[in-house]
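Coordinates from target37.cif are shown below (mmCIF, C-alpha atoms and all ligand atoms).
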```
data_data
loop_
_atom_site.label_atom_id
_atom_site.label_comp_id
_atom_site.auth_asym_id
_atom_site.auth_seq_id
_atom_site.Cartn_x
_atom_site.Cartn_y
_atom_site.Cartn_z
CA MET V 26 32.44 7.13 5.41
CA ALA V 27 34.15 3.85 4.50
CA ARG V 28 32.26 1.48 2.24
CA LYS V 29 31.10 -1.63 4.12
CA ILE V 30 31.30 -4.81 2.05
CA GLY V 31 30.65 -8.44 3.03
CA ILE V 32 32.45 -11.52 1.74
CA LEU V 33 31.46 -15.19 2.03
CA THR V 34 32.36 -18.63 0.70
CA GLY V 35 29.66 -21.17 -0.27
CA GLY V 36 29.51 -24.81 -1.44
CA GLY V 37 32.48 -27.18 -1.31
CA ASP V 38 35.84 -25.65 -0.47
CA ALA V 39 38.68 -25.35 -2.99
CA PRO V 40 42.37 -24.50 -2.60
CA GLY V 41 42.70 -20.78 -3.31
CA LEU V 42 39.60 -19.47 -1.48
CA ASN V 43 41.78 -17.93 1.22
CA ALA V 44 44.07 -16.42 -1.40
CA VAL V 45 41.03 -14.64 -2.90
CA ILE V 46 39.99 -13.37 0.55
CA ARG V 47 43.56 -12.15 1.13
CA ALA V 48 43.58 -10.25 -2.17
CA VAL V 49 40.23 -8.60 -1.38
CA VAL V 50 41.51 -7.59 2.06
CA LYS V 51 44.83 -6.26 0.80
CA TYR V 52 43.33 -4.29 -2.06
CA GLY V 53 39.83 -3.40 -0.84
CA VAL V 54 40.73 -2.66 2.80
CA GLY V 55 44.45 -1.88 2.49
CA LYS V 56 44.32 0.35 -0.58
CA LEU V 57 40.70 1.49 -1.06
CA GLY V 58 39.86 1.94 2.62
CA TRP V 59 36.82 -0.36 2.76
CA GLU V 60 35.50 -2.02 5.88
CA LEU V 61 35.30 -5.71 4.97
CA TYR V 62 33.19 -8.22 6.89
CA GLY V 63 33.68 -11.99 6.61
CA ILE V 64 30.37 -13.87 6.86
CA GLU V 65 30.69 -17.36 8.32
CA ASP V 66 29.41 -20.54 6.68
CA SER V 67 28.06 -19.11 3.46
CA PHE V 68 24.80 -17.12 3.90
CA ASN V 69 24.15 -18.84 7.24
CA GLY V 70 26.15 -16.22 9.13
CA LEU V 71 23.52 -13.66 8.13
CA MET V 72 20.54 -15.82 9.02
CA GLU V 73 21.45 -16.55 12.63
CA ARG V 74 21.21 -14.21 15.61
CA PRO V 75 23.62 -12.98 16.72
CA PHE V 76 25.03 -12.68 13.21
CA ARG V 77 28.25 -14.58 12.60
CA VAL V 78 30.24 -11.83 10.93
CA THR V 79 33.87 -10.82 11.55
CA PRO V 80 35.79 -7.73 10.44
CA LEU V 81 38.68 -8.69 8.14
CA THR V 82 41.82 -6.59 8.17
CA PRO V 83 45.31 -6.97 6.71
CA VAL V 84 46.53 -7.86 10.23
CA SER V 85 43.80 -10.44 10.97
CA CYS V 86 44.34 -11.99 7.51
CA LYS V 87 48.06 -12.67 7.68
CA GLY V 88 49.37 -15.93 6.19
CA LEU V 89 46.37 -16.69 3.99
CA LEU V 90 48.04 -17.10 0.61
CA GLN V 91 49.11 -20.70 1.11
CA LYS V 92 46.38 -21.76 3.53
CA GLY V 93 43.96 -24.43 2.28
CA GLY V 94 40.19 -24.45 2.92
CA THR V 95 38.39 -21.24 3.82
CA ILE V 96 38.82 -19.23 7.01
CA LEU V 97 35.15 -18.20 6.72
CA GLY V 98 33.83 -21.77 6.74
CA THR V 99 31.39 -23.03 4.13
CA THR V 100 28.40 -25.29 3.70
CA ASN V 101 26.38 -27.08 1.03
CA HIS V 102 23.26 -26.81 3.20
CA GLY V 103 22.60 -23.11 3.41
CA ASP V 104 20.31 -22.16 0.55
CA PRO V 105 18.30 -19.21 1.98
CA PHE V 106 15.51 -19.98 -0.53
CA ALA V 107 15.21 -23.56 0.73
CA PHE V 108 16.64 -23.51 4.20
CA PRO V 109 16.31 -26.74 6.22
CA ASP V 110 14.09 -25.89 9.20
CA GLY V 111 15.25 -28.89 11.24
CA SER V 112 11.99 -30.83 10.91
CA GLY V 113 12.73 -32.30 7.49
CA HIS V 114 11.20 -29.35 5.59
CA ASP V 115 12.71 -26.38 3.80
CA SER V 116 11.56 -22.79 4.12
CA ASP V 117 12.27 -19.61 2.19
CA ARG V 118 14.27 -17.34 4.53
CA SER V 119 15.95 -15.33 1.77
CA VAL V 120 14.50 -12.02 2.92
CA GLU V 121 16.50 -12.40 6.16
CA VAL V 122 19.72 -12.03 4.18
CA LYS V 123 18.68 -8.60 2.92
CA ARG V 124 17.42 -7.61 6.37
CA ALA V 125 20.71 -8.63 7.98
CA MET V 126 22.70 -6.67 5.42
CA ASP V 127 20.61 -3.57 6.08
CA GLU V 128 21.07 -3.95 9.84
CA LEU V 129 24.83 -4.38 9.44
CA GLY V 130 25.01 -1.52 6.93
CA LEU V 131 26.54 -3.77 4.26
CA GLU V 132 26.36 -2.23 0.82
CA GLY V 133 26.94 -5.49 -1.02
CA LEU V 134 28.46 -8.96 -0.96
CA ILE V 135 31.40 -10.63 -2.68
CA VAL V 136 30.29 -14.23 -3.09
CA LEU V 137 32.88 -16.96 -3.67
CA GLY V 138 31.21 -20.15 -4.83
CA GLY V 139 30.24 -22.58 -7.55
CA ASP V 140 27.19 -22.69 -9.78
CA GLY V 141 24.76 -23.36 -6.90
CA THR V 142 26.04 -20.53 -4.71
CA GLN V 143 26.16 -18.07 -7.62
CA LYS V 144 22.57 -18.94 -8.54
CA ILE V 145 21.51 -18.14 -4.96
CA ALA V 146 23.42 -14.84 -5.18
CA ARG V 147 21.74 -13.97 -8.48
CA GLU V 148 18.29 -14.73 -7.06
CA LEU V 149 19.02 -12.60 -3.98
CA ALA V 150 19.89 -9.77 -6.35
CA GLU V 151 16.80 -10.25 -8.52
CA ARG V 152 14.25 -10.86 -5.75
CA HIS V 153 15.53 -8.72 -2.90
CA GLY V 154 17.82 -6.19 -4.52
CA VAL V 155 20.94 -7.54 -2.79
CA ARG V 156 24.08 -6.23 -4.49
CA VAL V 157 26.46 -9.05 -5.34
CA VAL V 158 29.70 -9.67 -7.20
CA GLY V 159 30.56 -13.33 -7.83
CA VAL V 160 33.88 -15.16 -7.85
CA PRO V 161 33.53 -18.63 -9.45
CA LYS V 162 34.98 -21.62 -7.60
CA THR V 163 35.20 -25.36 -8.16
CA ILE V 164 38.02 -27.84 -8.31
CA ASP V 165 36.14 -29.54 -11.17
CA ASN V 166 36.79 -26.67 -13.63
CA ASP V 167 33.36 -27.27 -15.11
CA LEU V 168 32.07 -23.68 -15.18
CA GLY V 169 31.76 -22.62 -18.80
CA ALA V 170 32.04 -18.88 -18.09
CA THR V 171 35.67 -18.96 -17.03
CA ASP V 172 38.59 -20.64 -18.77
CA LEU V 173 39.84 -21.87 -15.41
CA THR V 174 38.77 -21.94 -11.77
CA PHE V 175 41.31 -21.78 -8.94
CA GLY V 176 41.64 -25.11 -7.11
CA PHE V 177 41.60 -27.13 -10.31
CA GLN V 178 45.36 -27.14 -10.83
CA SER V 179 45.86 -28.06 -7.16
CA ALA V 180 43.52 -31.04 -7.59
CA VAL V 181 45.34 -32.09 -10.78
CA ASP V 182 48.63 -31.83 -8.91
CA CYS V 183 47.27 -34.16 -6.21
CA VAL V 184 46.08 -36.70 -8.83
CA THR V 185 49.43 -36.56 -10.62
CA ASP V 186 51.32 -37.14 -7.40
CA ALA V 187 49.04 -40.07 -6.54
CA LEU V 188 49.64 -41.64 -9.96
CA ASP V 189 53.40 -41.20 -9.62
CA ARG V 190 53.23 -43.04 -6.30
CA LEU V 191 50.92 -45.76 -7.58
CA HIS V 192 53.14 -46.27 -10.63
CA SER V 193 56.03 -47.69 -8.66
CA THR V 194 53.94 -50.05 -6.57
CA ALA V 195 51.81 -51.20 -9.54
CA GLU V 196 54.97 -51.90 -11.52
CA SER V 197 56.63 -53.78 -8.64
CA HIS V 198 53.65 -56.09 -8.19
CA ASP V 199 52.48 -56.38 -11.82
CA ARG V 200 49.13 -55.01 -10.75
CA VAL V 201 46.29 -53.10 -12.30
CA ILE V 202 45.50 -50.14 -10.03
CA LEU V 203 42.39 -48.01 -10.43
CA LEU V 204 42.53 -44.49 -9.03
CA GLU V 205 39.13 -42.90 -8.47
CA VAL V 206 39.13 -39.12 -8.63
CA MET V 207 36.53 -36.35 -8.24
CA GLY V 208 34.40 -35.24 -11.14
CA ARG V 209 30.70 -35.92 -10.88
CA ASN V 210 29.58 -34.52 -14.23
CA ALA V 211 32.86 -33.50 -15.82
CA GLY V 212 36.08 -35.45 -16.24
CA PHE V 213 38.57 -32.57 -16.39
CA ILE V 214 40.45 -33.60 -13.22
CA ALA V 215 40.63 -37.18 -14.51
CA VAL V 216 41.86 -36.23 -17.99
CA HIS V 217 44.41 -33.62 -16.93
CA GLY V 218 45.64 -35.68 -13.96
CA GLY V 219 45.62 -38.84 -16.04
CA ILE V 220 47.69 -37.35 -18.84
CA ALA V 221 50.13 -35.74 -16.39
CA GLY V 222 50.53 -38.96 -14.42
CA GLY V 223 50.86 -41.22 -17.46
CA ALA V 224 47.62 -43.20 -16.94
CA ASP V 225 46.98 -46.05 -19.37
CA ALA V 226 43.21 -45.53 -19.32
CA ILE V 227 41.01 -42.62 -18.26
CA VAL V 228 37.35 -43.28 -17.62
CA ILE V 229 35.09 -40.21 -17.52
CA PRO V 230 31.35 -39.43 -17.41
CA GLU V 231 31.46 -37.92 -20.91
CA ILE V 232 32.55 -41.25 -22.46
CA PRO V 233 30.58 -44.23 -21.08
CA TRP V 234 32.92 -47.21 -20.82
CA HIS V 235 32.90 -50.64 -22.45
CA ALA V 236 34.57 -53.36 -20.37
CA GLU V 237 36.09 -55.05 -23.47
CA ARG V 238 38.10 -51.96 -24.33
CA LEU V 239 39.53 -51.64 -20.84
CA VAL V 240 40.39 -55.34 -20.70
CA GLN V 241 41.97 -55.10 -24.14
CA LYS V 242 44.22 -52.31 -22.88
CA ILE V 243 45.45 -54.52 -20.03
CA ASP V 244 46.05 -57.41 -22.49
CA GLU V 245 47.91 -55.17 -24.94
CA ARG V 246 50.22 -53.91 -22.25
CA ARG V 247 50.95 -57.43 -21.04
CA ALA V 248 51.74 -58.45 -24.63
CA ILE V 249 54.43 -55.75 -24.88
CA GLY V 250 56.00 -56.69 -21.55
CA ARG V 251 54.13 -54.17 -19.38
CA PRO V 252 52.21 -56.40 -16.99
CA PHE V 253 50.89 -53.50 -14.92
CA SER V 254 48.42 -50.73 -15.69
CA LEU V 255 47.17 -47.52 -14.10
CA PHE V 256 43.59 -46.46 -14.76
CA VAL V 257 41.99 -43.20 -13.64
CA VAL V 258 38.25 -43.38 -13.02
CA ALA V 259 36.19 -40.23 -12.48
CA GLU V 260 33.59 -40.68 -9.75
CA GLY V 261 30.75 -39.93 -12.18
CA ALA V 262 31.83 -42.46 -14.84
CA TYR V 263 29.37 -45.18 -15.83
CA PRO V 264 29.25 -48.12 -18.24
CA ALA V 265 27.79 -47.80 -21.74
CA GLY V 266 24.14 -48.82 -21.55
CA GLY V 267 24.18 -48.39 -17.74
CA ASN V 268 22.35 -45.85 -15.63
CA VAL V 269 23.72 -42.33 -15.38
CA PRO V 270 24.65 -41.94 -11.67
CA GLY V 271 22.39 -39.66 -9.61
CA THR V 272 23.57 -36.59 -7.73
CA LYS V 273 24.42 -38.55 -4.56
CA LEU V 274 27.56 -40.47 -5.47
CA VAL V 275 28.94 -43.19 -3.24
CA PRO V 276 32.73 -42.77 -3.09
CA GLY V 277 34.40 -45.78 -4.70
CA SER V 278 31.33 -47.05 -6.51
CA ALA V 279 32.39 -45.95 -10.00
CA SER V 280 35.79 -47.64 -9.71
CA GLN V 281 34.24 -50.68 -8.05
CA LYS V 282 32.03 -51.21 -11.12
CA VAL V 283 35.05 -50.96 -13.42
CA ALA V 284 36.99 -53.38 -11.17
CA GLU V 285 34.14 -55.91 -11.18
CA ALA V 286 33.86 -55.76 -14.98
CA ILE V 287 37.62 -56.29 -15.43
CA LEU V 288 37.71 -59.17 -12.95
CA ALA V 289 34.67 -60.80 -14.55
CA ALA V 290 36.60 -60.94 -17.83
CA ARG V 291 40.10 -61.57 -16.36
CA PRO V 292 39.71 -63.20 -12.92
CA ARG V 293 43.47 -63.65 -12.54
CA VAL V 294 44.32 -59.97 -12.82
CA ASP V 295 45.79 -58.67 -9.55
CA LEU V 296 43.75 -55.50 -9.14
CA ARG V 297 43.56 -52.80 -6.47
CA VAL V 298 41.41 -49.68 -6.09
CA THR V 299 42.47 -46.35 -4.51
CA VAL V 300 39.86 -43.66 -3.88
CA LEU V 301 41.59 -40.28 -3.66
CA GLY V 302 38.53 -38.42 -2.33
CA HIS V 303 38.87 -35.16 -0.46
CA LEU V 304 42.67 -35.20 -0.54
CA GLN V 305 42.05 -33.48 -3.89
CA ARG V 306 40.32 -30.57 -2.19
CA GLY V 307 42.52 -30.14 0.88
CA GLY V 308 45.88 -28.53 1.42
CA SER V 309 47.73 -25.56 -0.04
CA PRO V 310 46.94 -24.18 -3.47
CA VAL V 311 49.67 -24.72 -6.06
CA PRO V 312 51.40 -21.52 -7.30
CA PHE V 313 49.16 -21.28 -10.39
CA ASP V 314 46.04 -21.26 -8.21
CA ARG V 315 47.51 -18.69 -5.82
CA VAL V 316 48.10 -16.38 -8.78
CA LEU V 317 44.66 -16.98 -10.33
CA ALA V 318 42.94 -16.53 -6.95
CA THR V 319 44.82 -13.27 -6.38
CA ARG V 320 43.84 -11.99 -9.83
CA MET V 321 40.20 -12.94 -9.26
CA GLY V 322 40.15 -11.28 -5.82
CA VAL V 323 41.54 -8.09 -7.31
CA GLY V 324 39.05 -8.40 -10.18
CA ALA V 325 36.18 -8.65 -7.69
CA VAL V 326 37.32 -5.50 -5.89
CA ASP V 327 37.61 -3.68 -9.22
CA LEU V 328 34.02 -4.62 -10.10
CA VAL V 329 32.72 -3.38 -6.74
CA ASP V 330 34.82 -0.23 -7.02
CA ALA V 331 33.34 0.47 -10.44
CA GLY V 332 29.79 -0.18 -9.17
CA ARG V 333 29.48 -3.21 -11.44
CA TRP V 334 27.22 -5.19 -9.13
CA GLY V 335 25.65 -8.29 -10.64
CA GLU V 336 28.83 -9.43 -12.37
CA LEU V 337 31.01 -12.51 -12.09
CA VAL V 338 34.82 -12.36 -12.26
CA CYS V 339 36.05 -14.66 -15.03
CA LEU V 340 39.25 -15.55 -16.83
CA ARG V 341 38.65 -15.29 -20.57
CA ASP V 342 41.45 -15.71 -23.09
CA GLY V 343 44.00 -14.99 -20.38
CA ARG V 344 42.32 -11.79 -19.10
CA ILE V 345 40.21 -11.12 -16.04
CA VAL V 346 36.79 -9.78 -17.08
CA GLY V 347 33.33 -9.30 -15.56
CA LEU V 348 30.34 -11.19 -17.00
CA PRO V 349 26.67 -11.22 -15.95
CA MET V 350 26.21 -13.50 -12.91
CA VAL V 351 23.96 -15.88 -14.82
CA ALA V 352 27.08 -17.01 -16.73
CA ALA V 353 28.05 -19.07 -13.65
CA GLU V 354 25.17 -21.42 -14.36
CA GLN V 355 26.53 -22.66 -17.70
CA ASN V 356 28.38 -25.90 -17.17
CA ARG V 357 31.24 -27.27 -19.25
CA VAL V 358 32.16 -30.90 -19.85
CA VAL V 359 35.07 -32.61 -21.58
CA ASP V 360 34.51 -32.73 -25.33
CA PRO V 361 35.00 -36.38 -26.34
CA GLU V 362 36.00 -35.22 -29.85
CA GLY V 363 38.11 -32.30 -28.66
CA GLU V 364 41.83 -31.70 -28.84
CA LEU V 365 42.49 -32.69 -25.20
CA VAL V 366 41.02 -36.17 -25.57
CA ARG V 367 42.64 -36.49 -28.99
CA ALA V 368 46.08 -35.73 -27.54
CA ALA V 369 45.53 -38.37 -24.87
CA ARG V 370 44.33 -40.96 -27.37
CA ALA V 371 47.21 -40.15 -29.73
CA THR V 372 49.64 -40.95 -26.91
CA GLY V 373 48.05 -44.31 -26.19
CA VAL V 374 45.44 -43.51 -23.53
CA GLU V 375 42.32 -45.70 -23.66
CA PHE V 376 39.00 -44.06 -22.69
CA GLY V 377 36.94 -47.23 -22.73
CA GLY V 378 34.67 -45.87 -25.43
O1 LIG V 401 32.07 -29.98 -6.99
C1 LIG V 401 33.25 -30.18 -6.33
C2 LIG V 401 33.32 -31.57 -5.75
O2 LIG V 401 34.62 -31.67 -5.22
C3 LIG V 401 33.00 -32.70 -6.70
O3 LIG V 401 34.06 -33.05 -7.53
C4 LIG V 401 32.60 -33.79 -5.74
O4 LIG V 401 31.71 -34.70 -6.33
C5 LIG V 401 31.91 -33.03 -4.66
O5 LIG V 401 32.42 -31.73 -4.67
C6 LIG V 401 32.07 -33.67 -3.30
O6 LIG V 401 31.28 -32.96 -2.42
P1 LIG V 401 31.23 -33.23 -0.85
O7 LIG V 401 32.39 -32.54 -0.25
O8 LIG V 401 29.94 -32.65 -0.43
O9 LIG V 401 31.33 -34.72 -0.66
#
```
Have the structure of the file written as structure tokens, please.
Amino acid sequence: MARKIGILTGGGDAPGLNAVIRAVVKYGVGKLGWELYGIEDSFNGLMERPFRVTPLTPVSCKGLLQKGGTILGTTNHGDPFAFPDGSGHDSDRSVEVKRAMDELGLEGLIVLGGDGTQKIARELAERHGVRVVGVPKTIDNDLGATDLTFGFQSAVDCVTDALDRLHSTAESHDRVILLEVMGRNAGFIAVHGGIAGGADAIVIPEIPWHAERLVQKIDERRAIGRPFSLFVVAEGAYPAGGNVPGTKLVPGSASQKVAEAILAARPRVDLRVTVLGHLQRGGSPVPFDRVLATRMGVGAVDLVDAGRWGELVCLRDGRIVGLPMVAAEQNRVVDPEGELVRAARATGVEFGG
């Protein structure tokens, strides 16, 4: 009898999710003879009747390598342990996931998701005996367990392209342009994109900003005949002495604060703000992410094949390995004293602090 395995995607999407699904289909179904079932919209597909579950085969999964988003759909509002019941309350419906798997004859689940989704998967394993293998995902690259997550390089590529475009218009008009990018708690997209796109300042949550330093950067550039500047602002950045932003971020608010502080000190500066938003999450994965996603998909199948339930596929020192699922819950932030920030500072980038 063929093994029956489920696969789902949870949390925000990231370029490369479909490439992972493709790899699991090609290897697990195509080579190992599994029956693979795609569960729609994270765990929700198992908590609704009729179940929203589709068989995935090499034929039904053609053309996935370069496809953005996730063919399975995803949601940030599907925690089975705190499921919105529609009347403003949450209820624990986690046991329904296990029941659905038993009814469908699913032996276990491959769960593609970030820290929140992996925590749910771990709790399903611990409390209901659900067998899970995790594949970490976030464009923010802020999961400490894995050296890199797929989707990150695609987001950096998008930021770099945006900076290249903004460069020419900022230079033509002698303007200061602020580009707000994603990164609620961690500034990796901002730092990597900023370095690659030649930003003059990079403002990140790990280094609270001082207006004087940002204004000084604009002045210094003017003094050397560069009357335009490009600043990257991570959405979670905040001023020194200011409040750390909450979990609900208003797009554009971080860069707006920086803009107001600059204009308060230099009212004549011609300044514009661009908020890059979900462009960073959409579209095709870059080649690096397609390769990493493929390796992680194959790694997930290997873990299931070896019966290593309860593990998370990670890239460590260039190799794909399995680590206990709880590893997904360790977050990573940019080290303000680290080599990355040092390289940026050494090449003239101002961090505002
Ligand atoms: O965690 C990934 C991420 O892209 C963050 O960088 C960003 O703050 C958040 O998701 C946006 O989430 P949503 O799509 O729910 O607005």
Inset, instruction - Please provide as number ranges by chain all residues within 9 Å of Gly378 in chain V, with the sequence filter that same-chain residues fewer than 2 positions apart are discarded (counting only C-alpha atoms). - result: V: 228, 232-235, 238-239, 265, 375-376
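The residue set within 8 Å of range 144-153 of chain V, counting only C-alpha atoms and dropping same-chain residues fewer than 6 places from it, reads Asp104, Pro105, Phe106, Ser119, Val120, Lys123, Val136, Gly159, Gly335, Met350, Val351, Ala353 and Glu354 of chain V.
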Inset, instruction - Go through V:Gly41, V:Gly324, V:Gly53, V:Gly307 and flag the residue nearest ligand LIG 401 (chain V), using all atoms listed in the file for the distances. - result: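 Among V:Gly41, V:Gly324, V:Gly53, V:Gly307, it is V:Gly307 that comes nearest to ligand LIG 401 (chain V).
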Legend entry - All residues having an atom within 9 Å of ligand LIG 401 (chain V) (only C-alpha atoms and all ligand atoms) as a VMD selection string: chain V and resid 36 to 39 100 to 101 139 162 to 167 206 to 211 214 259 to 261 272 to 274 276 302 to 303 305 to 306
Legend entry - Å distance separating CA of Leu134 in chain V from CA of Phe76 in chain V, one decimal place: 15.0 Å
Inset, instruction - Find the residues near range 70-75 of chain V: any atom within 10 Å, counting all atoms listed in the file, skip ones fewer than 2 places away on the same chain, and give them as number ranges by chain. - result: V: 33, 63-68, 77-79, 97-99, 103, 105, 108, 118-126, 129
Just the residues within 8 Å of range 309-321 of chain V, please, counting all atoms listed in the file, with nothing from its chain fewer than 6 positions along; format it as a PDB file with C-alpha atoms, in the frame of the given file.
```pdb
ATOM      1  CA  PRO V  40      42.370 -24.500  -2.600  1.00  0.00           C
ATOM      2  CA  GLY V  41      42.700 -20.780  -3.310  1.00  0.00           C
ATOM      3  CA  LEU V  42      39.600 -19.470  -1.480  1.00  0.00           C
ATOM      4  CA  ALA V  44      44.070 -16.420  -1.400  1.00  0.00           C
ATOM      5  CA  VAL V  45      41.030 -14.640  -2.900  1.00  0.00           C
ATOM      6  CA  ARG V  47      43.560 -12.150   1.130  1.00  0.00           C
ATOM      7  CA  ALA V  48      43.580 -10.250  -2.170  1.00  0.00           C
ATOM      8  CA  LEU V  90      48.040 -17.100   0.610  1.00  0.00           C
ATOM      9  CA  GLN V  91      49.110 -20.700   1.110  1.00  0.00           C
ATOM     10  CA  LYS V  92      46.380 -21.760   3.530  1.00  0.00           C
ATOM     11  CA  GLY V  93      43.960 -24.430   2.280  1.00  0.00           C
ATOM     12  CA  VAL V 160      33.880 -15.160  -7.850  1.00  0.00           C
ATOM     13  CA  THR V 174      38.770 -21.940 -11.770  1.00  0.00           C
ATOM     14  CA  PHE V 175      41.310 -21.780  -8.940  1.00  0.00           C
ATOM     15  CA  GLY V 176      41.640 -25.110  -7.110  1.00  0.00           C
ATOM     16  CA  PHE V 177      41.600 -27.130 -10.310  1.00  0.00           C
ATOM     17  CA  GLN V 178      45.360 -27.140 -10.830  1.00  0.00           C
ATOM     18  CA  SER V 179      45.860 -28.060  -7.160  1.00  0.00           C
ATOM     19  CA  ASP V 182      48.630 -31.830  -8.910  1.00  0.00           C
ATOM     20  CA  VAL V 338      34.820 -12.360 -12.260  1.00  0.00           C
ATOM     21  CA  CYS V 339      36.050 -14.660 -15.030  1.00  0.00           C
ATOM     22  CA  ILE V 345      40.210 -11.120 -16.040  1.00  0.00           C
TER      23      ILE V 345
END
```
Inset, instruction - Considering all atoms listed in the file, return as a list in words whatever protein or nucleic-acid residues lie within 9 Å of Gly218 in chain V, sequence-local ones (same chain, fewer than 4 positions apart) excluded. - result: Ala180, Val181, Asp182, Cys183, Val184, Thr185, Asp186, Leu188, Phe213, Ile214, Gly222, Gly223, Ala224 and Val257 of chain V
Selected residues written out with C-alpha atoms, as a tab-separated table (two decimals), in the coordinates of the input:
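Okay, again.tsv is ready:
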```tsv
chain	number	residue	atom	x	y	z
V	180	ALA	CA	43.52	-31.04	-7.59
V	181	VAL	CA	45.34	-32.09	-10.78
V	182	ASP	CA	48.63	-31.83	-8.91
V	183	CYS	CA	47.27	-34.16	-6.21
V	184	VAL	CA	46.08	-36.70	-8.83
V	185	THR	CA	49.43	-36.56	-10.62
V	186	ASP	CA	51.32	-37.14	-7.40
V	188	LEU	CA	49.64	-41.64	-9.96
V	213	PHE	CA	38.57	-32.57	-16.39
V	214	ILE	CA	40.45	-33.60	-13.22
V	222	GLY	CA	50.53	-38.96	-14.42
V	223	GLY	CA	50.86	-41.22	-17.46
V	224	ALA	CA	47.62	-43.20	-16.94
V	257	VAL	CA	41.99	-43.20	-13.64
```
Inset, instruction - Work out how far apart CA of Pro230 in chain V and CA of Ala371 in chain V are and give it in Å to one decimal. - result: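 About the pair CA of Pro230 in chain V and CA of Ala371 in chain V: they are 20.1 Å apart.
One finds CA of Gly133 in chain V at 11.5 Å from CA of Glu60 in chain V.
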Inset, instruction - Find the residue from V:Gly271, V:Gly347, V:Gly277, V:Gly88 that sits nearest to Arg297 in chain V; use only C-alpha atoms when measuring. - result: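 Among the listed residues, V:Gly277 lies closest to Arg297 in chain V.
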Legend entry - Which residue of V:Asp295, V:Asp360, V:Asp330, V:Asp172 approaches Ile30 in chain V most closely, using all atoms listed in the file: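 Looking only at the distances to Ile30 in chain V, the closest residue turns out to be V:Asp330.
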Legend entry - Pick from V:Ile32, V:Leu204, V:Leu137, V:Leu255, whichever lies nearest to Ser278 in chain V using only C-alpha atoms: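 Result for the nearest residue to Ser278 in chain V: V:Leu204.
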Inset, instruction - Choose the residue, out of V:Ile96, V:Leu301, V:Ile227, V:Cys86, that has the smallest atom-to-atom separation from Pro361 in chain V; count all atoms listed in the file. - result: V:Ile227
Inset, instruction - Using all atoms listed in the file, pick whichever of V:Gly322, V:Gly113, V:Pro252, V:Gly169 has the shortest atom-to-atom distance to Leu348 in chain V. - result: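 Nearest to Leu348 in chain V: V:Gly169.
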